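Q: Sharing final-v7.pdb, PDB, C-alpha atoms:
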```pdb
ATOM      1  CA  MET O   1     161.459  45.227  53.216  1.00  0.00           C
ATOM      2  CA  ARG O   2     164.228  46.292  50.857  1.00  0.00           C
ATOM      3  CA  THR O   3     166.236  48.368  53.314  1.00  0.00           C
ATOM      4  CA  SER O   4     167.219  48.118  56.915  1.00  0.00           C
ATOM      5  CA  ILE O   5     168.659  50.567  59.373  1.00  0.00           C
ATOM      6  CA  GLY O   6     169.939  48.784  62.432  1.00  0.00           C
ATOM      7  CA  SER O   7     168.722  49.975  65.830  1.00  0.00           C
ATOM      8  CA  CYS O   8     172.277  49.839  67.181  1.00  0.00           C
ATOM      9  CA  MET O   9     173.070  52.640  64.746  1.00  0.00           C
ATOM     10  CA  ALA O  10     169.997  54.708  65.717  1.00  0.00           C
ATOM     11  CA  ARG O  11     172.000  57.889  66.324  1.00  0.00           C
ATOM     12  CA  ARG O  12     174.545  57.514  63.524  1.00  0.00           C
ATOM     13  CA  GLU O  13     174.419  59.671  60.448  1.00  0.00           C
ATOM     14  CA  VAL O  14     173.685  58.305  56.994  1.00  0.00           C
ATOM     15  CA  PHE O  15     175.786  59.335  54.010  1.00  0.00           C
ATOM     16  CA  VAL O  16     173.842  60.366  50.906  1.00  0.00           C
ATOM     17  CA  ASP O  17     175.371  59.505  47.549  1.00  0.00           C
ATOM     18  CA  THR O  18     174.423  60.890  44.139  1.00  0.00           C
ATOM     19  CA  SER O  19     171.998  58.075  43.284  1.00  0.00           C
ATOM     20  CA  GLY O  20     170.237  58.451  46.638  1.00  0.00           C
ATOM     21  CA  LEU O  21     169.983  62.221  46.386  1.00  0.00           C
ATOM     22  CA  TYR O  22     168.669  61.995  42.843  1.00  0.00           C
ATOM     23  CA  ALA O  23     166.145  59.305  43.850  1.00  0.00           C
ATOM     24  CA  LEU O  24     164.770  61.623  46.516  1.00  0.00           C
ATOM     25  CA  ILE O  25     163.903  64.375  44.022  1.00  0.00           C
ATOM     26  CA  ASP O  26     162.768  62.308  41.031  1.00  0.00           C
ATOM     27  CA  ARG O  27     159.430  60.580  41.661  1.00  0.00           C
ATOM     28  CA  ASN O  28     159.994  58.516  38.500  1.00  0.00           C
ATOM     29  CA  ASP O  29     163.298  57.092  39.727  1.00  0.00           C
ATOM     30  CA  ALA O  30     163.061  53.348  40.446  1.00  0.00           C
ATOM     31  CA  SER O  31     164.466  53.929  43.955  1.00  0.00           C
ATOM     32  CA  HIS O  32     162.338  56.973  44.859  1.00  0.00           C
ATOM     33  CA  ALA O  33     159.932  55.218  47.248  1.00  0.00           C
ATOM     34  CA  ALA O  34     162.694  53.245  48.959  1.00  0.00           C
ATOM     35  CA  ALA O  35     164.879  56.366  49.328  1.00  0.00           C
ATOM     36  CA  ARG O  36     161.975  58.356  50.764  1.00  0.00           C
ATOM     37  CA  ASP O  37     161.198  55.542  53.246  1.00  0.00           C
ATOM     38  CA  VAL O  38     164.822  55.203  54.385  1.00  0.00           C
ATOM     39  CA  VAL O  39     165.156  58.965  54.873  1.00  0.00           C
ATOM     40  CA  GLN O  40     161.851  59.280  56.740  1.00  0.00           C
ATOM     41  CA  ARG O  41     162.831  56.424  59.035  1.00  0.00           C
ATOM     42  CA  ALA O  42     166.320  57.810  59.642  1.00  0.00           C
ATOM     43  CA  LEU O  43     165.066  61.308  60.403  1.00  0.00           C
ATOM     44  CA  GLY O  44     162.327  59.851  62.634  1.00  0.00           C
ATOM     45  CA  GLU O  45     165.062  58.100  64.618  1.00  0.00           C
ATOM     46  CA  GLY O  46     166.863  61.407  65.100  1.00  0.00           C
ATOM     47  CA  ARG O  47     169.550  60.588  62.555  1.00  0.00           C
ATOM     48  CA  ARG O  48     170.946  63.135  60.132  1.00  0.00           C
ATOM     49  CA  LEU O  49     171.987  62.854  56.533  1.00  0.00           C
ATOM     50  CA  VAL O  50     175.468  63.809  55.378  1.00  0.00           C
ATOM     51  CA  VAL O  51     176.222  64.938  51.832  1.00  0.00           C
ATOM     52  CA  THR O  52     179.363  66.407  50.285  1.00  0.00           C
ATOM     53  CA  ASP O  53     179.778  69.278  47.871  1.00  0.00           C
ATOM     54  CA  TYR O  54     181.047  66.754  45.295  1.00  0.00           C
ATOM     55  CA  VAL O  55     177.862  64.684  45.577  1.00  0.00           C
ATOM     56  CA  ILE O  56     175.727  67.817  45.201  1.00  0.00           C
ATOM     57  CA  ASP O  57     177.720  68.767  42.107  1.00  0.00           C
ATOM     58  CA  GLU O  58     177.280  65.317  40.603  1.00  0.00           C
ATOM     59  CA  ALA O  59     173.569  65.067  41.504  1.00  0.00           C
ATOM     60  CA  ALA O  60     172.727  68.537  40.164  1.00  0.00           C
ATOM     61  CA  THR O  61     174.568  67.776  36.927  1.00  0.00           C
ATOM     62  CA  LEU O  62     172.759  64.433  36.578  1.00  0.00           C
ATOM     63  CA  ALA O  63     169.402  66.044  37.340  1.00  0.00           C
ATOM     64  CA  LYS O  64     169.952  68.767  34.753  1.00  0.00           C
ATOM     65  CA  ALA O  65     170.934  66.221  32.099  1.00  0.00           C
ATOM     66  CA  ARG O  66     167.926  64.000  32.815  1.00  0.00           C
ATOM     67  CA  GLY O  67     165.215  66.525  33.609  1.00  0.00           C
ATOM     68  CA  GLY O  68     166.418  70.032  32.926  1.00  0.00           C
ATOM     69  CA  ALA O  69     167.340  73.021  35.053  1.00  0.00           C
ATOM     70  CA  HIS O  70     164.171  72.927  37.173  1.00  0.00           C
ATOM     71  CA  VAL O  71     165.027  69.397  38.351  1.00  0.00           C
ATOM     72  CA  ALA O  72     168.625  70.397  39.114  1.00  0.00           C
ATOM     73  CA  LEU O  73     167.321  73.306  41.165  1.00  0.00           C
ATOM     74  CA  ARG O  74     165.250  70.833  43.214  1.00  0.00           C
ATOM     75  CA  VAL O  75     168.499  69.114  44.231  1.00  0.00           C
ATOM     76  CA  LEU O  76     169.901  72.405  45.497  1.00  0.00           C
ATOM     77  CA  GLU O  77     166.652  73.314  47.274  1.00  0.00           C
ATOM     78  CA  LEU O  78     166.466  69.952  49.004  1.00  0.00           C
ATOM     79  CA  VAL O  79     169.943  70.401  50.454  1.00  0.00           C
ATOM     80  CA  GLU O  80     169.498  74.094  51.299  1.00  0.00           C
ATOM     81  CA  LEU O  81     166.094  73.774  52.950  1.00  0.00           C
ATOM     82  CA  SER O  82     166.442  70.520  54.856  1.00  0.00           C
ATOM     83  CA  VAL O  83     167.464  70.786  58.492  1.00  0.00           C
ATOM     84  CA  GLY O  84     168.130  67.035  58.390  1.00  0.00           C
ATOM     85  CA  ILE O  85     171.002  67.328  55.904  1.00  0.00           C
ATOM     86  CA  ARG O  86     174.522  68.321  56.884  1.00  0.00           C
ATOM     87  CA  LEU O  87     176.941  69.451  54.172  1.00  0.00           C
ATOM     88  CA  GLU O  88     180.579  68.373  54.344  1.00  0.00           C
ATOM     89  CA  TRP O  89     183.083  70.195  52.140  1.00  0.00           C
ATOM     90  CA  ILE O  90     185.881  68.221  50.538  1.00  0.00           C
ATOM     91  CA  GLY O  91     188.555  70.902  50.929  1.00  0.00           C
ATOM     92  CA  GLN O  92     192.266  70.527  50.357  1.00  0.00           C
ATOM     93  CA  GLU O  93     193.089  67.792  52.905  1.00  0.00           C
ATOM     94  CA  ARG O  94     190.201  65.583  51.841  1.00  0.00           C
ATOM     95  CA  PHE O  95     191.011  66.258  48.184  1.00  0.00           C
ATOM     96  CA  GLU O  96     194.562  65.029  48.743  1.00  0.00           C
ATOM     97  CA  ALA O  97     193.278  61.969  50.616  1.00  0.00           C
ATOM     98  CA  THR O  98     190.845  61.336  47.753  1.00  0.00           C
ATOM     99  CA  GLN O  99     193.657  61.516  45.195  1.00  0.00           C
ATOM    100  CA  ALA O 100     195.634  58.960  47.186  1.00  0.00           C
ATOM    101  CA  TYR O 101     192.607  56.671  47.543  1.00  0.00           C
ATOM    102  CA  PHE O 102     191.803  56.988  43.826  1.00  0.00           C
ATOM    103  CA  ARG O 103     195.400  56.066  42.921  1.00  0.00           C
ATOM    104  CA  ARG O 104     195.508  53.107  45.341  1.00  0.00           C
ATOM    105  CA  HIS O 105     192.245  51.741  43.939  1.00  0.00           C
ATOM    106  CA  ALA O 106     192.761  52.531  40.253  1.00  0.00           C
ATOM    107  CA  ASP O 107     191.996  48.891  39.456  1.00  0.00           C
ATOM    108  CA  HIS O 108     188.385  49.432  40.634  1.00  0.00           C
ATOM    109  CA  GLY O 109     185.587  51.201  38.780  1.00  0.00           C
ATOM    110  CA  TYR O 110     185.354  53.940  41.426  1.00  0.00           C
ATOM    111  CA  SER O 111     184.758  57.481  40.246  1.00  0.00           C
ATOM    112  CA  PHE O 112     186.713  60.297  41.855  1.00  0.00           C
ATOM    113  CA  THR O 113     183.494  61.364  43.595  1.00  0.00           C
ATOM    114  CA  ASP O 114     183.034  57.812  44.923  1.00  0.00           C
ATOM    115  CA  CYS O 115     186.542  57.969  46.364  1.00  0.00           C
ATOM    116  CA  SER O 116     185.856  61.338  47.994  1.00  0.00           C
ATOM    117  CA  SER O 117     182.715  59.841  49.544  1.00  0.00           C
ATOM    118  CA  PHE O 118     184.656  56.852  50.894  1.00  0.00           C
ATOM    119  CA  VAL O 119     187.257  59.196  52.409  1.00  0.00           C
ATOM    120  CA  VAL O 120     184.583  61.277  54.156  1.00  0.00           C
ATOM    121  CA  MET O 121     182.644  58.236  55.322  1.00  0.00           C
ATOM    122  CA  ARG O 122     185.755  56.664  56.843  1.00  0.00           C
ATOM    123  CA  GLU O 123     186.765  59.938  58.478  1.00  0.00           C
ATOM    124  CA  LEU O 124     183.307  60.370  60.020  1.00  0.00           C
ATOM    125  CA  ARG O 125     183.026  56.632  60.810  1.00  0.00           C
ATOM    126  CA  LEU O 126     179.873  56.230  58.728  1.00  0.00           C
ATOM    127  CA  SER O 127     179.016  52.803  57.406  1.00  0.00           C
ATOM    128  CA  GLN O 128     175.651  53.337  55.711  1.00  0.00           C
ATOM    129  CA  ALA O 129     174.979  55.182  52.464  1.00  0.00           C
ATOM    130  CA  LEU O 130     171.750  56.081  50.743  1.00  0.00           C
ATOM    131  CA  THR O 131     172.872  54.778  47.368  1.00  0.00           C
ATOM    132  CA  THR O 132     172.246  52.209  44.669  1.00  0.00           C
ATOM    133  CA  ASP O 133     175.935  52.235  43.766  1.00  0.00           C
ATOM    134  CA  ARG O 134     177.439  48.818  44.495  1.00  0.00           C
ATOM    135  CA  HIS O 135     180.899  50.384  44.642  1.00  0.00           C
ATOM    136  CA  PHE O 136     180.004  51.415  48.196  1.00  0.00           C
ATOM    137  CA  GLU O 137     179.536  47.775  49.180  1.00  0.00           C
ATOM    138  CA  GLU O 138     182.731  46.839  47.368  1.00  0.00           C
ATOM    139  CA  ALA O 139     184.501  49.475  49.505  1.00  0.00           C
ATOM    140  CA  GLY O 140     183.035  48.003  52.703  1.00  0.00           C
ATOM    141  CA  MET O 141     180.012  50.249  53.252  1.00  0.00           C
ATOM    142  CA  GLN O 142     176.326  49.306  53.396  1.00  0.00           C
ATOM    143  CA  ALA O 143     174.246  50.480  50.414  1.00  0.00           C
ATOM    144  CA  LEU O 144     170.738  51.116  51.727  1.00  0.00           C
ATOM    145  CA  LEU O 145     169.024  50.997  48.318  1.00  0.00           C
ATOM    146  CA  CYS O 146     168.834  48.008  46.016  1.00  0.00           C
ATOM    147  CA  ALA O 147     169.902  48.676  42.458  1.00  0.00           C
ATOM    148  CA  GLY O 148     167.170  48.301  39.832  1.00  0.00           C
TER
END
```
Please go through the file and, once you have read it, give me the structure as structure tokens.
A:
Amino acid sequence: MRTSIGSCMARREVFVDTSGLYALIDRNDASHAAARDVVQRALGEGRRLVVTDYVIDEAATLAKARGGAHVALRVLELVELSVGIRLEWIGQERFEATQAYFRRHADHGYSFTDCSSFVVMRELRLSQALTTDRHFEEAGMQALLCAG
């Protein structure tokens, strides 16, 4: 099996990154089946998914570029209609913390959105992310999807 969600974390939330969110809506994405399986398992264990407004922005923009407006709208619908997804807003305090994190780690390939995700994950004490982005592992988190 490509992914693993530890039983000791059965009630913890799972952060959803751009690549994970996009994989959920695009059946042609290489990580679609794995993302769907991880999410089904997590929700079946009573876990919730956490996504930020920055990740939604990035995923909708990516979806529109790759598949058009109708695919981008699927990103928004998934987040709006799912009772298993909780939206976290970045806001001013998290934005300032993200700026500081981005500056401290300027020698890494982290995007500003990556840094905002790391800030939120640390604040919420989340260690697992539905992502193919290896920057999450570099920052000390567990990426639940294998990159291509």
Q: Using all atoms listed in the file, which of the listed residues (O:Trp89, O:Ala139, O:Val55, O:Lys64) sits closest to Tyr101 (chain O)?
A: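 Going through O:Trp89, O:Ala139, O:Val55, O:Lys64 one by one, the smallest distance to Tyr101 (chain O) is for O:Ala139.
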Q: Can you spell out as a list in words the set of residues that the PyMOL selection byres ((chain O and resi 13-25) around 7) selects in the structure I just provided?
A: Arg11, Arg12, Asp26, Arg27, Asp29, Ser31, His32, Ala35, Arg36, Arg47, Arg48, Leu49, Val50, Val51, Val55, Glu58, Ala59, Ala63, Arg74, Val75, Leu126, Gln128, Ala129, Leu130, Thr131 and Thr132 of chain O
Q: Could you work out how far CA of Leu73 (chain O) lies from CA of Leu124 (chain O), giving the answer in Å with one decimal?
A: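 Atom-to-atom, CA of Leu124 (chain O) and CA of Leu73 (chain O) are spaced 27.9 Å apart.
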Q: Could you list as a list in words every residue that has an atom within 10 Å of (186.0, 59.7, 53.3), using the file's coordinates and counting all atoms listed in the file?
A: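 Applying the cut-off with all atoms listed in the file, one gets Thr52, Ile90, Arg94, Phe95, Ala97, Thr98, Tyr101, Asp114, Cys115, Ser116, Ser117, Phe118, Val119, Val120, Met121, Arg122, Glu123, Leu124, Arg125 and Leu126 of chain O.
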Q: Got a sec to resolve the PyMOL selection byres ((chain O and resi 81-84) around 7) on this structure and send the residues as a count of residues only?
A: 9
Q: Could you tell me how far CA of Met141 (chain O) lies from CA of Ala34 (chain O), in Å and to one decimal?
A: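 Between CA of Met141 (chain O) and CA of Ala34 (chain O) the gap is 18.1 Å.
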Q: By how many Å are CA of Gly140 (chain O) and CA of Glu88 (chain O) apart?
A: 20.6 Å
Q: Would you please work out which residue, of O:Val71, O:Leu76, O:Leu87, O:Ala106, is nearest to Asn28 (chain O) when using all atoms listed in the file?
A: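 Nearest candidate to Asn28 (chain O) out of O:Val71, O:Leu76, O:Leu87, O:Ala106: O:Val71.
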Q: Within 12 Å of Gly109 (chain O), counting all atoms listed in the file, which residues show up once you throw out same-chain ones fewer than 6 positions away? Write them as JSON, numbers by chain, please.
A: {"O": [102, 103, 115, 133, 134, 135, 136, 138, 139]}
